[in-house]
>>> print(open('structure.csv').read())   # CSV, C-alpha atoms and all ligand atoms
chain,number,residue,atom,x,y,z
V,1,MET,CA,122.4,216.6,108.5
V,2,ALA,CA,120.1,217.3,105.5
V,3,ASP,CA,119.5,214.7,102.9
V,4,ASN,CA,121.4,214.9,99.7
V,5,ILE,CA,119.7,216.3,96.7
V,6,THR,CA,120.0,214.4,93.5
V,7,PHE,CA,119.2,215.1,89.8
V,8,HIS,CA,119.2,212.6,87.0
V,9,PHE,CA,119.1,213.4,83.3
V,10,ASP,CA,119.3,211.4,80.1
V,11,VAL,CA,121.5,213.1,77.5
V,12,HIS,CA,120.4,212.3,74.0
V,13,GLY,CA,123.2,211.7,71.5
V,14,ASP,CA,121.1,212.3,68.4
V,15,ASN,CA,120.2,215.9,69.1
V,16,PHE,CA,122.9,218.5,69.1
V,17,SER,CA,120.4,221.3,69.7
V,18,SER,CA,119.2,219.9,73.0
V,19,ALA,CA,122.8,219.3,74.3
V,20,GLY,CA,123.3,221.4,77.4
V,21,GLU,CA,119.7,221.1,78.6
V,22,ALA,CA,120.8,219.1,81.7
V,23,SER,CA,123.4,221.7,82.6
V,24,GLN,CA,120.9,224.5,82.1
V,25,LEU,CA,118.5,222.9,84.5
V,26,VAL,CA,121.2,222.2,87.1
V,27,LYS,CA,122.2,225.8,86.9
V,28,LYS,CA,118.7,226.9,87.6
V,29,LYS,CA,118.3,224.4,90.5
V,30,LEU,CA,121.6,225.6,92.1
V,31,ARG,CA,120.4,229.2,91.8
V,32,GLN,CA,117.2,228.3,93.6
V,33,LEU,CA,119.3,226.5,96.3
V,34,GLY,CA,121.2,229.7,96.9
V,35,PHE,CA,124.7,228.7,95.9
V,36,THR,CA,127.3,231.5,95.2
V,37,PRO,CA,127.6,232.7,91.5
V,38,ASP,CA,131.2,231.3,91.5
V,39,VAL,CA,130.2,227.8,92.5
V,40,ILE,CA,127.2,227.8,90.1
V,41,ARG,CA,129.4,229.0,87.3
V,42,ARG,CA,132.1,226.4,87.9
V,43,VAL,CA,129.6,223.5,88.0
V,44,SER,CA,127.7,224.8,85.0
V,45,ILE,CA,130.8,225.1,82.8
V,46,ALA,CA,132.3,221.8,83.8
V,47,MET,CA,129.0,219.9,83.4
V,48,TYR,CA,128.2,221.7,80.1
V,49,GLU,CA,131.6,220.7,78.6
V,50,GLY,CA,131.1,217.1,79.7
V,51,GLU,CA,127.6,217.1,78.4
V,52,ILE,CA,128.7,218.4,75.0
V,53,ASN,CA,131.4,215.7,74.9
V,54,MET,CA,128.9,213.0,75.6
V,55,VAL,CA,126.8,214.2,72.6
V,56,ILE,CA,129.6,214.8,70.1
V,57,HIS,CA,131.9,211.9,71.0
V,58,ALA,CA,129.8,209.3,72.7
V,59,ASP,CA,126.3,209.4,71.3
V,60,GLY,CA,124.8,210.5,74.6
V,61,GLY,CA,124.6,209.1,78.1
V,62,ALA,CA,123.4,209.9,81.6
V,63,ALA,CA,124.1,212.8,83.9
V,64,ASP,CA,123.7,212.5,87.7
V,65,VAL,CA,124.2,215.4,90.0
V,66,THR,CA,124.3,215.1,93.8
V,67,VAL,CA,124.4,218.0,96.2
V,68,THR,CA,125.8,217.0,99.6
V,69,ASP,CA,126.6,219.1,102.6
V,70,GLU,CA,130.1,219.9,101.3
V,71,ASP,CA,130.2,219.1,97.6
V,72,ILE,CA,128.4,219.1,94.3
V,73,ILE,CA,129.2,215.9,92.6
V,74,ILE,CA,128.6,215.5,88.8
V,75,VAL,CA,128.8,212.0,87.2
V,76,LEU,CA,128.6,211.8,83.4
V,77,ALA,CA,128.4,208.2,82.1
V,78,ASP,CA,128.2,207.1,78.5
V,79,ARG,CA,128.5,203.9,76.5
V,80,GLY,CA,130.5,205.5,73.8
V,81,PRO,CA,133.8,204.4,72.2
V,82,GLY,CA,136.0,205.2,75.3
V,83,ILE,CA,139.1,207.3,75.4
V,84,PRO,CA,142.2,205.4,74.2
V,85,ASP,CA,144.8,207.8,75.8
V,86,VAL,CA,143.4,209.8,78.6
V,87,GLU,CA,146.7,211.7,79.2
V,88,LEU,CA,146.7,212.8,75.6
V,89,ALA,CA,143.0,213.7,75.6
V,90,MET,CA,143.6,215.9,78.7
V,91,GLN,CA,146.1,218.1,76.8
V,92,GLU,CA,144.9,221.5,75.7
V,93,GLY,CA,144.3,221.5,71.9
V,94,TYR,CA,144.0,217.7,71.5
V,95,SER,CA,140.8,216.8,69.7
V,96,THR,CA,139.6,214.1,67.4
V,97,ALA,CA,136.6,216.2,66.4
V,98,ARG,CA,135.9,216.4,62.7
V,99,GLU,CA,135.3,219.5,60.6
V,100,HIS,CA,131.5,219.0,61.0
V,101,ILE,CA,131.8,219.5,64.8
V,102,ARG,CA,134.1,222.5,64.4
V,103,SER,CA,131.5,224.1,62.1
V,104,LEU,CA,129.1,223.8,65.1
V,105,GLY,CA,131.6,225.8,67.3
V,106,PHE,CA,133.3,222.9,69.2
V,107,GLY,CA,136.3,220.7,68.8
V,108,ALA,CA,139.2,222.9,70.0
V,109,GLY,CA,140.4,220.3,72.4
V,110,MET,CA,139.7,222.6,75.4
V,111,GLY,CA,136.8,220.8,77.1
V,112,LEU,CA,138.5,218.2,79.3
V,113,PRO,CA,141.3,220.6,80.5
V,114,ASN,CA,138.6,223.2,81.3
V,115,MET,CA,136.5,220.7,83.3
V,116,LYS,CA,139.7,219.9,85.3
V,117,LYS,CA,140.3,223.6,85.8
V,118,TYR,CA,136.9,224.5,87.1
V,119,THR,CA,136.4,221.5,89.5
V,120,ASP,CA,138.2,220.4,92.7
V,121,THR,CA,138.5,216.8,91.7
V,122,MET,CA,138.0,215.0,88.4
V,123,THR,CA,138.4,211.3,87.6
V,124,ILE,CA,138.0,209.6,84.2
V,125,ASP,CA,137.1,205.9,84.0
V,126,THR,CA,137.2,204.7,80.5
V,127,GLU,CA,137.3,201.4,78.6
V,128,ILE,CA,137.6,201.1,74.8
V,129,GLY,CA,134.3,199.9,73.3
V,130,VAL,CA,132.5,200.0,76.7
V,131,GLY,CA,132.3,203.7,77.6
V,132,THR,CA,133.5,206.6,79.8
V,133,THR,CA,132.4,207.8,83.2
V,134,ILE,CA,133.7,211.2,84.4
V,135,THR,CA,133.2,212.1,88.0
V,136,MET,CA,133.8,215.7,89.1
V,137,THR,CA,133.3,217.5,92.4
V,138,VAL,CA,133.0,221.1,93.3
V,139,LYS,CA,133.3,222.1,96.9
V,140,HIS,CA,130.8,224.6,98.0
V,141,LYS,CA,131.8,225.1,101.6
V,142,ALA,CA,134.2,228.0,102.0
B,1,MET,CA,128.1,250.9,78.5
B,2,LYS,CA,124.5,250.0,78.4
B,3,ILE,CA,123.2,247.3,76.1
B,4,ARG,CA,121.1,250.0,74.5
B,5,GLU,CA,124.2,251.8,73.3
B,6,ILE,CA,125.5,248.6,71.7
B,7,LYS,CA,122.2,248.4,69.9
B,8,ASP,CA,122.5,252.0,68.7
B,9,LEU,CA,126.2,251.8,67.8
B,10,LEU,CA,125.6,248.6,65.7
B,11,GLU,CA,122.3,249.7,64.3
B,12,ALA,CA,121.0,246.4,65.6
B,13,GLU,CA,117.6,244.9,65.8
B,14,VAL,CA,116.5,243.6,69.3
B,15,LEU,CA,115.2,240.0,69.0
B,16,CYS,CA,114.4,239.4,72.6
B,17,CYS,CA,114.6,240.6,76.2
B,18,GLU,CA,114.2,244.3,75.3
B,19,GLU,CA,113.4,244.9,79.0
B,20,TYR,CA,117.1,244.5,79.8
B,21,LEU,CA,118.5,247.1,77.4
B,22,ASP,CA,119.5,249.3,80.3
B,23,HIS,CA,121.7,246.7,81.9
B,24,GLU,CA,125.4,247.8,82.1
B,25,VAL,CA,128.1,245.7,80.4
B,26,TYR,CA,131.8,246.3,80.9
B,27,SER,CA,133.5,244.1,78.2
B,28,ALA,CA,132.9,241.9,75.3
B,29,CYS,CA,134.3,239.0,73.3
B,30,CYS,CA,134.0,237.8,69.7
B,31,SER,CA,134.2,234.2,68.5
B,32,ASP,CA,132.7,231.5,66.4
B,33,MET,CA,134.3,228.8,68.5
B,34,MET,CA,132.2,228.1,71.6
B,35,SER,CA,135.0,225.9,72.9
B,36,ASP,CA,137.3,229.0,73.1
B,37,VAL,CA,134.6,231.1,74.7
B,38,LEU,CA,134.2,228.5,77.4
B,39,ALA,CA,137.9,228.2,77.9
B,40,TYR,CA,139.2,231.7,77.7
B,41,VAL,CA,136.4,234.1,78.5
B,42,LYS,CA,136.5,235.4,82.0
B,43,ASP,CA,133.7,237.9,82.8
B,44,GLN,CA,132.9,239.5,79.4
B,45,GLY,CA,129.1,240.2,79.4
B,46,VAL,CA,128.7,240.3,75.6
B,47,LEU,CA,129.3,237.7,72.9
B,48,LEU,CA,129.6,238.7,69.2
B,49,THR,CA,129.3,235.7,66.9
B,50,GLY,CA,128.6,234.6,63.4
B,51,LEU,CA,127.7,231.1,64.5
B,52,ILE,CA,124.0,230.2,64.5
B,53,ASN,CA,122.9,227.4,66.8
B,54,SER,CA,121.4,226.9,70.2
B,55,GLN,CA,124.8,226.2,71.8
B,56,VAL,CA,125.7,229.9,71.3
B,57,VAL,CA,122.9,230.8,73.7
B,58,ARG,CA,123.7,228.0,76.1
B,59,THR,CA,127.4,228.9,76.1
B,60,ALA,CA,126.5,232.5,76.9
B,61,SER,CA,124.1,231.4,79.6
B,62,MET,CA,126.8,229.1,81.2
B,63,MET,CA,129.2,232.0,81.2
B,64,ASP,CA,126.6,234.3,82.8
B,65,MET,CA,126.7,236.6,79.8
B,66,VAL,CA,123.8,239.1,79.3
B,67,CYS,CA,123.9,239.8,75.6
B,68,VAL,CA,124.5,237.9,72.3
B,69,VAL,CA,125.0,239.8,69.1
B,70,PHE,CA,124.6,237.9,65.8
B,71,VAL,CA,126.7,239.6,63.1
B,72,ARG,CA,126.5,239.6,59.3
B,73,GLY,CA,122.7,239.9,59.4
B,74,LYS,CA,122.3,236.3,60.4
B,75,SER,CA,119.0,235.4,62.0
B,76,PRO,CA,118.7,232.9,64.8
B,77,GLY,CA,115.8,230.4,64.8
B,78,LEU,CA,112.7,230.8,66.9
B,79,ASP,CA,113.9,228.0,69.3
B,80,MET,CA,117.1,230.0,69.9
B,81,ILE,CA,115.2,233.1,70.7
B,82,GLU,CA,112.9,231.3,73.1
B,83,LEU,CA,115.9,229.8,74.8
B,84,ALA,CA,117.5,233.2,75.2
B,85,GLU,CA,114.3,234.6,76.5
B,86,ASP,CA,114.2,231.9,79.1
B,87,CYS,CA,117.8,232.6,80.1
B,88,GLY,CA,117.2,236.4,80.2
B,89,ILE,CA,119.8,237.1,77.5
B,90,VAL,CA,119.3,240.1,75.2
B,91,VAL,CA,119.7,239.0,71.5
B,92,LEU,CA,120.7,241.6,69.0
B,93,LYS,CA,121.2,241.2,65.2
B,94,THR,CA,123.4,243.5,63.2
B,95,ASN,CA,124.3,243.7,59.5
B,96,HIS,CA,127.9,244.6,60.4
B,97,ARG,CA,130.5,241.9,60.0
B,98,ALA,CA,132.3,240.5,63.1
B,99,TYR,CA,135.5,242.5,62.6
B,100,GLU,CA,133.6,245.8,62.0
B,101,ALA,CA,131.1,245.2,64.8
B,102,ALA,CA,133.9,244.5,67.3
B,103,GLY,CA,135.8,247.6,66.1
B,104,ILE,CA,132.8,249.9,66.5
B,105,LEU,CA,132.2,248.7,70.0
B,106,TYR,CA,135.8,248.9,71.0
B,107,CYS,CA,136.1,252.5,69.7
B,108,GLY,CA,132.9,253.2,71.6
B,109,GLY,CA,134.6,252.3,74.8
B,110,LEU,CA,133.7,248.6,75.3
B,111,THR,CA,137.0,246.8,75.6
B,112,GLY,CA,137.9,243.1,75.6
B,113,ASN,CA,139.2,243.2,79.1
B,114,THR,CA,142.1,240.9,78.2
B,115,CYS,CA,144.5,242.5,80.6
B,116,LYS,CA,142.8,240.5,83.4
B,117,GLU,CA,144.4,237.1,83.8
B,118,ALA,CA,142.0,234.5,82.5
X,201,LIG,N1,132.9,211.1,76.5
X,201,LIG,C1,133.8,210.8,75.6
X,201,LIG,N2,133.9,209.7,74.9
X,201,LIG,C2,134.9,209.4,74.0
X,201,LIG,N3,135.9,210.3,73.8
X,201,LIG,C3,135.9,211.5,74.4
X,201,LIG,C4,134.9,211.8,75.4
X,201,LIG,N4,135.2,213.0,75.9
X,201,LIG,C5,136.3,213.4,75.2
X,201,LIG,N5,136.7,212.5,74.4
X,201,LIG,C6,138.0,212.5,73.5
X,201,LIG,O1,138.9,213.4,74.1
X,201,LIG,C7,139.2,214.5,73.2
X,201,LIG,C8,139.4,215.8,73.9
X,201,LIG,O2,138.2,216.2,74.6
X,201,LIG,P1,138.0,217.8,74.8
X,201,LIG,O3,136.6,217.9,75.4
X,201,LIG,O4,139.1,218.3,75.6
X,201,LIG,O5,138.1,218.4,73.4
X,201,LIG,P2,137.0,218.4,72.2
X,201,LIG,O6,135.7,217.9,72.8
X,201,LIG,O7,137.5,217.6,71.1
X,201,LIG,O8,136.9,219.9,71.9
X,201,LIG,P3,136.2,221.1,72.8
X,201,LIG,O9,135.9,220.5,74.1
X,201,LIG,O10,137.2,222.2,72.8
X,201,LIG,O11,135.0,221.5,72.0
X,201,LIG,C9,138.0,214.5,72.2
X,201,LIG,O12,138.4,215.1,71.0
X,201,LIG,C10,137.7,213.0,72.1
X,201,LIG,O13,138.6,212.4,71.3
X,202,MG,MG,134.8,218.8,74.5
>>> encode(input="structure.csv", output="structure tokens")
Amino acid sequence: MADNITFHFDVHGDNFSSAGEASQLVKKKLRQLGFTPDVIRRVSIAMYEGEINMVIHADGGAADVTVTDEDIIIVLADRGPGIPDVELAMQEGYSTAREHIRSLGFGAGMGLPNMKKYTDTMTIDTEIGVGTTITMTVKHKA
Amino acid sequence: MKIREIKDLLEAEVLCCEEYLDHEVYSACCSDMMSDVLAYVKDQGVLLTGLINSQVVRTASMMDMVCVVFVRGKSPGLDMIELAEDCGIVVLKTNHRAYEAAGILYCGGLTGNTCKEA
């Protein structure tokens, strides 16, 4: 059995322009590793939505990606404000984003439902005032 | 339709990745909300937008799009063009407004492909 491959990124909260850099790099790596376009796209979109969320809602955090024999596991951890009502946050169209975020092209309340849609499992651990950790997996074995 | 035809129809300026102008594209979408592009777009290869920031290029890249068209004569920054270059995405700039640009391409045969279930 091959060793797992891991990637670690710091996601900076103060720089909207650089948001998505981690997802971009992971996409490149997965291409080099020869994953199918479908798997790469699902990982990219889910991770990118999560990365953007960390920047616009939580002032940044850390992204860790692990490639195992069966899954690609994405862990996004931040020390932001936490999510008071996860069920509500998961609803399509629910967003607390202000006008400023909307003018940047985000804040439609579609990110979390989209992350759920494109991954095989997704769990949200969140505590008010402490932070949020989102763990997603995408199976890459047919 | 080839990206080159989009350029001609929209009288657009090519800002990067000119070498891919002969790539074929089959459908397009038009939005200033990247959230919606990420959530609703299926396999449209072209994004028309009036929004200018690097997340436009990143969103297009995540969605495996091959061409971004900036409408209303808006110019993306050098950092955005470098990013697009790195992603292999053709960047076009047209003076047409979004509605007109979309209409011109639609009449030219490039549809939105919305019949396909998203
Ligand atoms: N990491 C996070 N920390 C704190 N709150 C979050 C975090 N991620 C999401 N939220 C909360 O959940 C809401 C819904 O998130 P979601 O990603 O679905 O939508 P959005 O980010 O507001 O808009 P979009 O993703 O469409 O651009 C957010 O508006 C925010 O209130
Ligand atoms: Mg979001």
>>> atom_distance(input="structure.csv", atom1="atom CA of His12 of chain V", atom2="atom CA of Thr132 of chain V")
15.4 Å
>>> residues_near_ligand(input="structure.csv", ligand="ligand MG 202 (chain X)", cutoff="7 Å", atoms="only C-alpha atoms and all ligand atoms", output="CSV table (one decimal) with C-alpha atoms, in the coordinates of the input")
chain,number,residue,atom,x,y,z
V,49,GLU,CA,131.6,220.7,78.6
V,50,GLY,CA,131.1,217.1,79.7
V,52,ILE,CA,128.7,218.4,75.0
V,53,ASN,CA,131.4,215.7,74.9
V,106,PHE,CA,133.3,222.9,69.2
V,107,GLY,CA,136.3,220.7,68.8
V,109,GLY,CA,140.4,220.3,72.4
V,110,MET,CA,139.7,222.6,75.4
V,111,GLY,CA,136.8,220.8,77.1
V,112,LEU,CA,138.5,218.2,79.3
>>> atom_distance(input="structure.csv", atom1="atom CA of Asp3 of chain V", atom2="atom CA of Lys116 of chain V")
27.3 Å
>>> residues_near_ligand(input="structure.csv", ligand="ligand LIG 201 (chain X)", cutoff="9 Å", atoms="only C-alpha atoms and all ligand atoms", output="PyMOL selection string")
(chain V and resi 49-61+76-86+88-98+101-102+105-115+126+128+131-134) or (chain B and resi 33-36+38-39)
>>> atom_distance(input="structure.csv", atom1="atom CA of Gly13 of chain V", atom2="atom CA of Gln55 of chain B")
14.6 Å
>>> residues_around(input="structure.csv", residues="Lys42 of chain B", least_positions_apart="2", cutoff="12 Å", atoms="only C-alpha atoms", output="PDB file with C-alpha atoms, in the frame of the given file")
ATOM      1  CA  ASP V  38     131.200 231.300  91.500  1.00  0.00           C
ATOM      2  CA  ARG V  41     129.400 229.000  87.300  1.00  0.00           C
ATOM      3  CA  ARG V  42     132.100 226.400  87.900  1.00  0.00           C
ATOM      4  CA  ILE V  45     130.800 225.100  82.800  1.00  0.00           C
TER       5      ILE V  45
ATOM      6  CA  TYR B  26     131.800 246.300  80.900  1.00  0.00           C
ATOM      7  CA  SER B  27     133.500 244.100  78.200  1.00  0.00           C
ATOM      8  CA  ALA B  28     132.900 241.900  75.300  1.00  0.00           C
ATOM      9  CA  CYS B  29     134.300 239.000  73.300  1.00  0.00           C
ATOM     10  CA  ASP B  36     137.300 229.000  73.100  1.00  0.00           C
ATOM     11  CA  VAL B  37     134.600 231.100  74.700  1.00  0.00           C
ATOM     12  CA  LEU B  38     134.200 228.500  77.400  1.00  0.00           C
ATOM     13  CA  ALA B  39     137.900 228.200  77.900  1.00  0.00           C
ATOM     14  CA  TYR B  40     139.200 231.700  77.700  1.00  0.00           C
ATOM     15  CA  GLN B  44     132.900 239.500  79.400  1.00  0.00           C
ATOM     16  CA  GLY B  45     129.100 240.200  79.400  1.00  0.00           C
ATOM     17  CA  VAL B  46     128.700 240.300  75.600  1.00  0.00           C
ATOM     18  CA  LEU B  47     129.300 237.700  72.900  1.00  0.00           C
ATOM     19  CA  ALA B  60     126.500 232.500  76.900  1.00  0.00           C
ATOM     20  CA  MET B  62     126.800 229.100  81.200  1.00  0.00           C
ATOM     21  CA  MET B  63     129.200 232.000  81.200  1.00  0.00           C
ATOM     22  CA  ASP B  64     126.600 234.300  82.800  1.00  0.00           C
ATOM     23  CA  MET B  65     126.700 236.600  79.800  1.00  0.00           C
ATOM     24  CA  GLY B 112     137.900 243.100  75.600  1.00  0.00           C
ATOM     25  CA  ASN B 113     139.200 243.200  79.100  1.00  0.00           C
ATOM     26  CA  THR B 114     142.100 240.900  78.200  1.00  0.00           C
ATOM     27  CA  CYS B 115     144.500 242.500  80.600  1.00  0.00           C
ATOM     28  CA  LYS B 116     142.800 240.500  83.400  1.00  0.00           C
ATOM     29  CA  GLU B 117     144.400 237.100  83.800  1.00  0.00           C
ATOM     30  CA  ALA B 118     142.000 234.500  82.500  1.00  0.00           C
TER      31      ALA B 118
END
>>> residues_around(input="structure.csv", residues="Arg4 of chain B", least_positions_apart="3", cutoff="12 Å", atoms="all atoms listed in the file", output="ChimeraX atom specification")
/B:1,7-14,17-25,67,90-92
>>> write_last_selection(input="structure.csv", atoms="C-alpha atoms", output="PDB file, keeping the file's coordinate frame")
ATOM      1  CA  MET B   1     128.100 250.900  78.500  1.00  0.00           C
ATOM      2  CA  LYS B   7     122.200 248.400  69.900  1.00  0.00           C
ATOM      3  CA  ASP B   8     122.500 252.000  68.700  1.00  0.00           C
ATOM      4  CA  LEU B   9     126.200 251.800  67.800  1.00  0.00           C
ATOM      5  CA  LEU B  10     125.600 248.600  65.700  1.00  0.00           C
ATOM      6  CA  GLU B  11     122.300 249.700  64.300  1.00  0.00           C
ATOM      7  CA  ALA B  12     121.000 246.400  65.600  1.00  0.00           C
ATOM      8  CA  GLU B  13     117.600 244.900  65.800  1.00  0.00           C
ATOM      9  CA  VAL B  14     116.500 243.600  69.300  1.00  0.00           C
ATOM     10  CA  CYS B  17     114.600 240.600  76.200  1.00  0.00           C
ATOM     11  CA  GLU B  18     114.200 244.300  75.300  1.00  0.00           C
ATOM     12  CA  GLU B  19     113.400 244.900  79.000  1.00  0.00           C
ATOM     13  CA  TYR B  20     117.100 244.500  79.800  1.00  0.00           C
ATOM     14  CA  LEU B  21     118.500 247.100  77.400  1.00  0.00           C
ATOM     15  CA  ASP B  22     119.500 249.300  80.300  1.00  0.00           C
ATOM     16  CA  HIS B  23     121.700 246.700  81.900  1.00  0.00           C
ATOM     17  CA  GLU B  24     125.400 247.800  82.100  1.00  0.00           C
ATOM     18  CA  VAL B  25     128.100 245.700  80.400  1.00  0.00           C
ATOM     19  CA  CYS B  67     123.900 239.800  75.600  1.00  0.00           C
ATOM     20  CA  VAL B  90     119.300 240.100  75.200  1.00  0.00           C
ATOM     21  CA  VAL B  91     119.700 239.000  71.500  1.00  0.00           C
ATOM     22  CA  LEU B  92     120.700 241.600  69.000  1.00  0.00           C
TER      23      LEU B  92
END
>>> residues_near_point(input="structure.csv", point="(121.9, 213.5, 91.6)", cutoff="6 Å", atoms="all atoms listed in the file", output="ChimeraX atom specification")
/V:6-8,64-66
>>> write_last_selection(input="structure.csv", atoms="C-alpha atoms", output="PDB file, keeping the file's coordinate frame")
ATOM      1  CA  THR V   6     120.000 214.400  93.500  1.00  0.00           C
ATOM      2  CA  PHE V   7     119.200 215.100  89.800  1.00  0.00           C
ATOM      3  CA  HIS V   8     119.200 212.600  87.000  1.00  0.00           C
ATOM      4  CA  ASP V  64     123.700 212.500  87.700  1.00  0.00           C
ATOM      5  CA  VAL V  65     124.200 215.400  90.000  1.00  0.00           C
ATOM      6  CA  THR V  66     124.300 215.100  93.800  1.00  0.00           C
TER       7      THR V  66
END
>>> closest_residue(input="structure.csv", among="V:Ala22, V:Met47, V:Ala2, V:Ile73", to="Asp120 of chain V", atoms="all atoms listed in the file")
V:Ile73
>>> closest_atom_pairs(input="structure.csv", of="segment 11-57 of chain B", to="segment 74-79 of chain B", cutoff="12 Å", atoms="all atoms listed in the file", output="JSON lines")
{"residue": "B:Ala12", "atom": "CA", "partner": "B:Lys74", "partner_atom": "CA", "distance": 11.4}
{"residue": "B:Glu13", "atom": "CA", "partner": "B:Ser75", "partner_atom": "CA", "distance": 10.3}
{"residue": "B:Val14", "atom": "CA", "partner": "B:Ser75", "partner_atom": "CA", "distance": 11.3}
{"residue": "B:Leu15", "atom": "CA", "partner": "B:Pro76", "partner_atom": "CA", "distance": 9.0}
{"residue": "B:Cys16", "atom": "CA", "partner": "B:Leu78", "partner_atom": "CA", "distance": 10.5}
{"residue": "B:Leu48", "atom": "CA", "partner": "B:Lys74", "partner_atom": "CA", "distance": 11.7}
{"residue": "B:Thr49", "atom": "CA", "partner": "B:Lys74", "partner_atom": "CA", "distance": 9.6}
{"residue": "B:Gly50", "atom": "CA", "partner": "B:Lys74", "partner_atom": "CA", "distance": 7.2}
{"residue": "B:Leu51", "atom": "CA", "partner": "B:Lys74", "partner_atom": "CA", "distance": 8.5}
{"residue": "B:Ile52", "atom": "CA", "partner": "B:Pro76", "partner_atom": "CA", "distance": 6.0}
{"residue": "B:Asn53", "atom": "CA", "partner": "B:Pro76", "partner_atom": "CA", "distance": 7.2}
{"residue": "B:Ser54", "atom": "CA", "partner": "B:Asp79", "partner_atom": "CA", "distance": 7.6}
{"residue": "B:Gln55", "atom": "CA", "partner": "B:Asp79", "partner_atom": "CA", "distance": 11.3}
{"residue": "B:Val56", "atom": "CA", "partner": "B:Pro76", "partner_atom": "CA", "distance": 10.0}
{"residue": "B:Val57", "atom": "CA", "partner": "B:Pro76", "partner_atom": "CA", "distance": 10.1}
>>> residues_near_point(input="structure.csv", point="(122.7, 224.8, 95.9)", cutoff="10 Å", atoms="all atoms listed in the file", output="PyMOL selection string")
chain V and resi 5+26-36+39-40+67-69+71-72+140
>>> closest_residue(input="structure.csv", among="V:Met136, V:Val130, V:Ala19, V:Val75", to="chain B", atoms="all atoms listed in the file")
V:Ala19
>>> build_atoms(input="structure.csv", residues="segment 9-20 of chain V", atoms="N, CA, C and O atoms", output="compact mmCIF listing (two decimals), in the coordinates of the input")
# COMPACT_ATOMS: atom_id res chain seq x y z
N PHE V 9 119.50 213.01 84.61
CA PHE V 9 119.10 213.40 83.30
C PHE V 9 119.60 212.40 82.24
O PHE V 9 120.72 211.90 82.36
N ASP V 10 118.78 212.12 81.23
CA ASP V 10 119.30 211.40 80.10
C ASP V 10 119.72 212.39 79.05
O ASP V 10 119.00 213.34 78.75
N VAL V 11 120.93 212.19 78.55
CA VAL V 11 121.50 213.10 77.50
C VAL V 11 121.41 212.42 76.19
O VAL V 11 122.02 211.37 76.00
N HIS V 12 120.63 213.00 75.28
CA HIS V 12 120.40 212.30 74.00
C HIS V 12 121.51 212.65 72.99
O HIS V 12 121.84 213.80 72.75
N GLY V 13 122.04 211.60 72.41
CA GLY V 13 123.20 211.70 71.50
C GLY V 13 122.79 212.18 70.11
O GLY V 13 123.62 212.67 69.36
N ASP V 14 121.51 212.02 69.77
CA ASP V 14 121.10 212.30 68.40
C ASP V 14 120.64 213.72 68.18
O ASP V 14 120.20 214.09 67.11
N ASN V 15 120.71 214.53 69.23
CA ASN V 15 120.20 215.90 69.10
C ASN V 15 121.12 216.93 69.63
O ASN V 15 121.14 217.25 70.81
N PHE V 16 121.90 217.49 68.71
CA PHE V 16 122.90 218.50 69.10
C PHE V 16 122.24 219.73 69.72
O PHE V 16 122.77 220.32 70.66
N SER V 17 121.07 220.10 69.19
CA SER V 17 120.40 221.30 69.70
C SER V 17 120.04 221.21 71.17
O SER V 17 120.07 222.20 71.88
N SER V 18 119.69 220.02 71.61
CA SER V 18 119.20 219.90 73.00
C SER V 18 120.42 219.65 73.95
O SER V 18 120.24 219.65 75.17
N ALA V 19 121.62 219.47 73.43
CA ALA V 19 122.80 219.30 74.30
C ALA V 19 122.92 220.51 75.21
O ALA V 19 122.76 221.64 74.76
N GLY V 20 123.15 220.26 76.48
CA GLY V 20 123.30 221.40 77.40
C GLY V 20 122.02 221.62 78.23
O GLY V 20 122.04 222.40 79.18
